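Notes to accompany the following structure.
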Amino acid sequence: MKTIRYNSAGGIVAQRDILHHLPAAETFLLLLDRPGRAEVRLPKGHIDPGESAQEAALRETSEETGFGDLRILADLGQRAVEFDYKGAHYIREERYFLMKLLSPRRIKQPPKDAKQFQVLWEPLGRAGARLTFEAERLFVADAVDALRNLPGF
């Protein structure tokens, strides 16, 4: 079986107060429903040549969610994830960053992303349980810990 290795980066977007349809006193995390695959995921994608992990995380999170005004609050580290897909063995280094939405400003998403991803805002305490994959649940636990240590969030 062929082995494919690559690096990816993504964002865990935490939010309070900016989106008027969410209760202001509660913290929410942005998840992506991917109905075509029956998955709930975190936004992430390949790191392009010449791009830093931070740049890739901001780009991928914006493209997949449609939110264009994000700021990185903390580096949540990286984990290797291995899986088999379509006859190949993949080893993906996933790196996540805790992010904050600075405004509700939307951007035009690439058509492929707009078609396959739907934004879900889940309360902080329930977000991890909604995710399909264990590696992403671990990153959400890291984000919850990081949020506890951020003054004023």
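Chain identifiers are assigned as A, B, and so on, following the order in which chains appear in the structure tokens; residues are numbered from 1 within each chain, and ligands are numbered from 1 in order of appearance.
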### Task
Tell me, as a list in words, which residues lie within 12 Å of Arg126 (chain A), counting only C-alpha atoms; anything in the same chain fewer than 2 positions away does not count.
Glu26, Thr27, Phe28, Leu29, Leu30, Leu31, Leu120, Trp121, Glu122, Pro123, Leu124, Gly128, Ala129, Arg130, Leu131, Arg137, Val140, Ala141 and Val144 of chain A
Could those residues be written to a file, using N, CA and C atoms, as a short mmCIF file (atom, residue, chain, number, x, y, z; two decimals), in the first residue's frame?
```
data_model
loop_
_atom_site.label_atom_id
_atom_site.label_comp_id
_atom_site.auth_asym_id
_atom_site.auth_seq_id
_atom_site.Cartn_x
_atom_site.Cartn_y
_atom_site.Cartn_z
N GLU A 26 -22.39 32.98 26.59
CA GLU A 26 -21.87 31.63 26.41
C GLU A 26 -20.80 31.64 25.32
N THR A 27 -19.81 30.75 25.44
CA THR A 27 -18.77 30.59 24.42
C THR A 27 -19.18 29.46 23.49
N PHE A 28 -19.03 29.70 22.20
CA PHE A 28 -19.36 28.72 21.18
C PHE A 28 -18.12 28.40 20.36
N LEU A 29 -18.05 27.19 19.82
CA LEU A 29 -17.01 26.80 18.89
C LEU A 29 -17.63 26.55 17.53
N LEU A 30 -16.90 26.92 16.50
CA LEU A 30 -17.35 26.74 15.13
C LEU A 30 -16.94 25.34 14.65
N LEU A 31 -17.92 24.59 14.21
CA LEU A 31 -17.70 23.27 13.62
C LEU A 31 -18.25 23.29 12.21
N LEU A 120 -21.68 25.18 11.86
CA LEU A 120 -22.43 24.88 13.09
C LEU A 120 -21.76 25.62 14.24
N TRP A 121 -22.51 26.32 15.06
CA TRP A 121 -21.97 26.92 16.28
C TRP A 121 -22.47 26.07 17.44
N GLU A 122 -21.55 25.43 18.14
CA GLU A 122 -21.90 24.56 19.26
C GLU A 122 -21.38 25.14 20.57
N PRO A 123 -22.17 25.03 21.64
CA PRO A 123 -21.68 25.49 22.94
C PRO A 123 -20.38 24.77 23.31
N LEU A 124 -19.50 25.48 23.96
CA LEU A 124 -18.16 24.98 24.30
C LEU A 124 -18.22 23.59 24.94
N GLY A 128 -17.01 19.20 21.44
CA GLY A 128 -16.16 18.04 21.23
C GLY A 128 -16.95 16.77 20.93
N ALA A 129 -18.05 16.59 21.61
CA ALA A 129 -18.86 15.39 21.43
C ALA A 129 -19.50 15.33 20.05
N ARG A 130 -19.66 16.45 19.39
CA ARG A 130 -20.27 16.47 18.05
C ARG A 130 -19.31 16.03 16.94
N LEU A 131 -18.00 16.10 17.22
CA LEU A 131 -17.01 15.82 16.18
C LEU A 131 -16.93 14.33 15.86
N ARG A 137 -11.39 15.82 18.51
CA ARG A 137 -11.92 15.98 19.87
C ARG A 137 -10.79 16.32 20.84
N VAL A 140 -9.99 19.96 20.48
CA VAL A 140 -11.00 20.79 21.14
C VAL A 140 -10.75 20.82 22.64
N ALA A 141 -10.37 19.70 23.23
CA ALA A 141 -10.04 19.69 24.66
C ALA A 141 -8.87 20.63 24.94
N VAL A 144 -10.22 24.19 24.85
CA VAL A 144 -10.95 24.53 26.07
C VAL A 144 -9.97 24.90 27.18
#
```
### Query
If you count only C-alpha atoms, which residues fall within 9 Å of Tyr6 (chain A), apart from same-chain ones fewer than 4 positions away, as a list in words?
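Near Tyr6 (chain A), the qualifying residues are His46, Ile47, Tyr90, Ile91, Arg92, Glu93 and Glu94 of chain A.
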With C-alpha atoms retained, export the selected residues as a short mmCIF file (atom, residue, chain, number, x, y, z; two decimals), in the first residue's frame.
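Just written: part.cif:
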```cif
data_model
loop_
_atom_site.label_atom_id
_atom_site.label_comp_id
_atom_site.auth_asym_id
_atom_site.auth_seq_id
_atom_site.Cartn_x
_atom_site.Cartn_y
_atom_site.Cartn_z
CA HIS A 46 -3.13 21.35 3.28
CA ILE A 47 -0.28 23.74 3.94
CA TYR A 90 -2.03 8.52 4.88
CA ILE A 91 0.10 10.10 7.58
CA ARG A 92 -1.08 13.64 8.17
CA GLU A 93 0.56 16.07 10.59
CA GLU A 94 -2.33 18.18 11.86
#
```
### Message
Residues near region 43-45 of chain A, anyone? I mean within 9 Å using only C-alpha atoms, not counting same-chain ones fewer than 5 positions away, as JSON, numbers by chain.
### Response
{"A": [7, 8, 9, 10, 11, 12, 30, 31, 32, 56, 57, 58, 59, 60, 61, 62, 63, 64, 65, 94, 95, 96]}
Expected file contents, prior selection, C-alpha atoms, as an mmCIF file, in the first residue's frame:
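Full text of result22.cif as output:
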```
data_model
loop_
_atom_site.group_PDB
_atom_site.id
_atom_site.type_symbol
_atom_site.label_atom_id
_atom_site.label_comp_id
_atom_site.auth_asym_id
_atom_site.auth_seq_id
_atom_site.Cartn_x
_atom_site.Cartn_y
_atom_site.Cartn_z
ATOM 1 C CA ASN A 7 0.995 18.628 6.646
ATOM 2 C CA SER A 8 -2.269 20.369 7.399
ATOM 3 C CA ALA A 9 -3.345 23.294 9.557
ATOM 4 C CA GLY A 10 -6.665 24.477 10.827
ATOM 5 C CA GLY A 11 -8.545 26.643 13.251
ATOM 6 C CA ILE A 12 -10.736 26.180 16.263
ATOM 7 C CA LEU A 30 -17.349 26.742 15.127
ATOM 8 C CA LEU A 31 -17.700 23.273 13.620
ATOM 9 C CA LEU A 32 -18.365 22.186 10.060
ATOM 10 C CA ALA A 56 -2.614 28.003 6.042
ATOM 11 C CA ALA A 57 -4.819 27.771 9.134
ATOM 12 C CA LEU A 58 -6.247 31.255 8.589
ATOM 13 C CA ARG A 59 -6.756 30.663 4.848
ATOM 14 C CA GLU A 60 -8.354 27.242 5.228
ATOM 15 C CA THR A 61 -10.591 28.335 8.089
ATOM 16 C CA SER A 62 -11.788 31.357 6.094
ATOM 17 C CA GLU A 63 -12.351 29.346 2.915
ATOM 18 C CA GLU A 64 -14.253 26.546 4.626
ATOM 19 C CA THR A 65 -16.351 28.708 6.971
ATOM 20 C CA GLU A 94 -2.332 18.185 11.856
ATOM 21 C CA ARG A 95 -1.674 21.519 13.542
ATOM 22 C CA TYR A 96 -4.431 23.622 15.044
#
```
### Task
Looking only at strand (DSSP E) from DSSP on the backbone, list the matching residues of region 37-135 of chain A as a ChimeraX atom specification.
/A:39-41,44-46,70-85,88-101,118-123
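Residues within 12 Å of Arg105 (chain A), counting only C-alpha atoms and excluding same-chain residues fewer than 2 positions away, are Ile18, Leu19, Ser62, Thr65, Gly66, Phe67, Gly68, Asp69, Leu70, Leu101, Leu102, Ser103, Ile107 and Lys108 of chain A.
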### Task
Write out as a list of chain:residue names the residues lying within 10 Å of Gly36 (chain A), counting only C-alpha atoms and excluding same-chain residues fewer than 6 positions away.
A:Lys115, A:Gln116, A:Phe117
Could the residues in this selection be saved with N, CA and C atoms as a short mmCIF file (atom, residue, chain, number, x, y, z; two decimals), in the first residue's frame?
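Once written, part_4.cif looks like this:
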```cif
data_model
loop_
_atom_site.label_atom_id
_atom_site.label_comp_id
_atom_site.auth_asym_id
_atom_site.auth_seq_id
_atom_site.Cartn_x
_atom_site.Cartn_y
_atom_site.Cartn_z
N LYS A 115 -20.20 24.38 -1.10
CA LYS A 115 -21.10 23.27 -1.37
C LYS A 115 -21.00 22.18 -0.31
N GLN A 116 -19.79 21.91 0.20
CA GLN A 116 -19.64 20.74 1.07
C GLN A 116 -19.66 21.03 2.56
N PHE A 117 -19.51 22.29 2.99
CA PHE A 117 -19.44 22.60 4.42
C PHE A 117 -20.57 23.52 4.86
#
```
### Query
Which residue, A:Phe97, A:Phe133, A:Tyr85, A:Phe139, has the smallest gap to Lys2 (chain A) when you use only C-alpha atoms?
A:Tyr85
### Task
Extract the full set of helix (DSSP H, G or I) residues from region 83-116 of chain A according to DSSP on the backbone, and format it as a PyMOL selection string.
chain A and resi 111-116
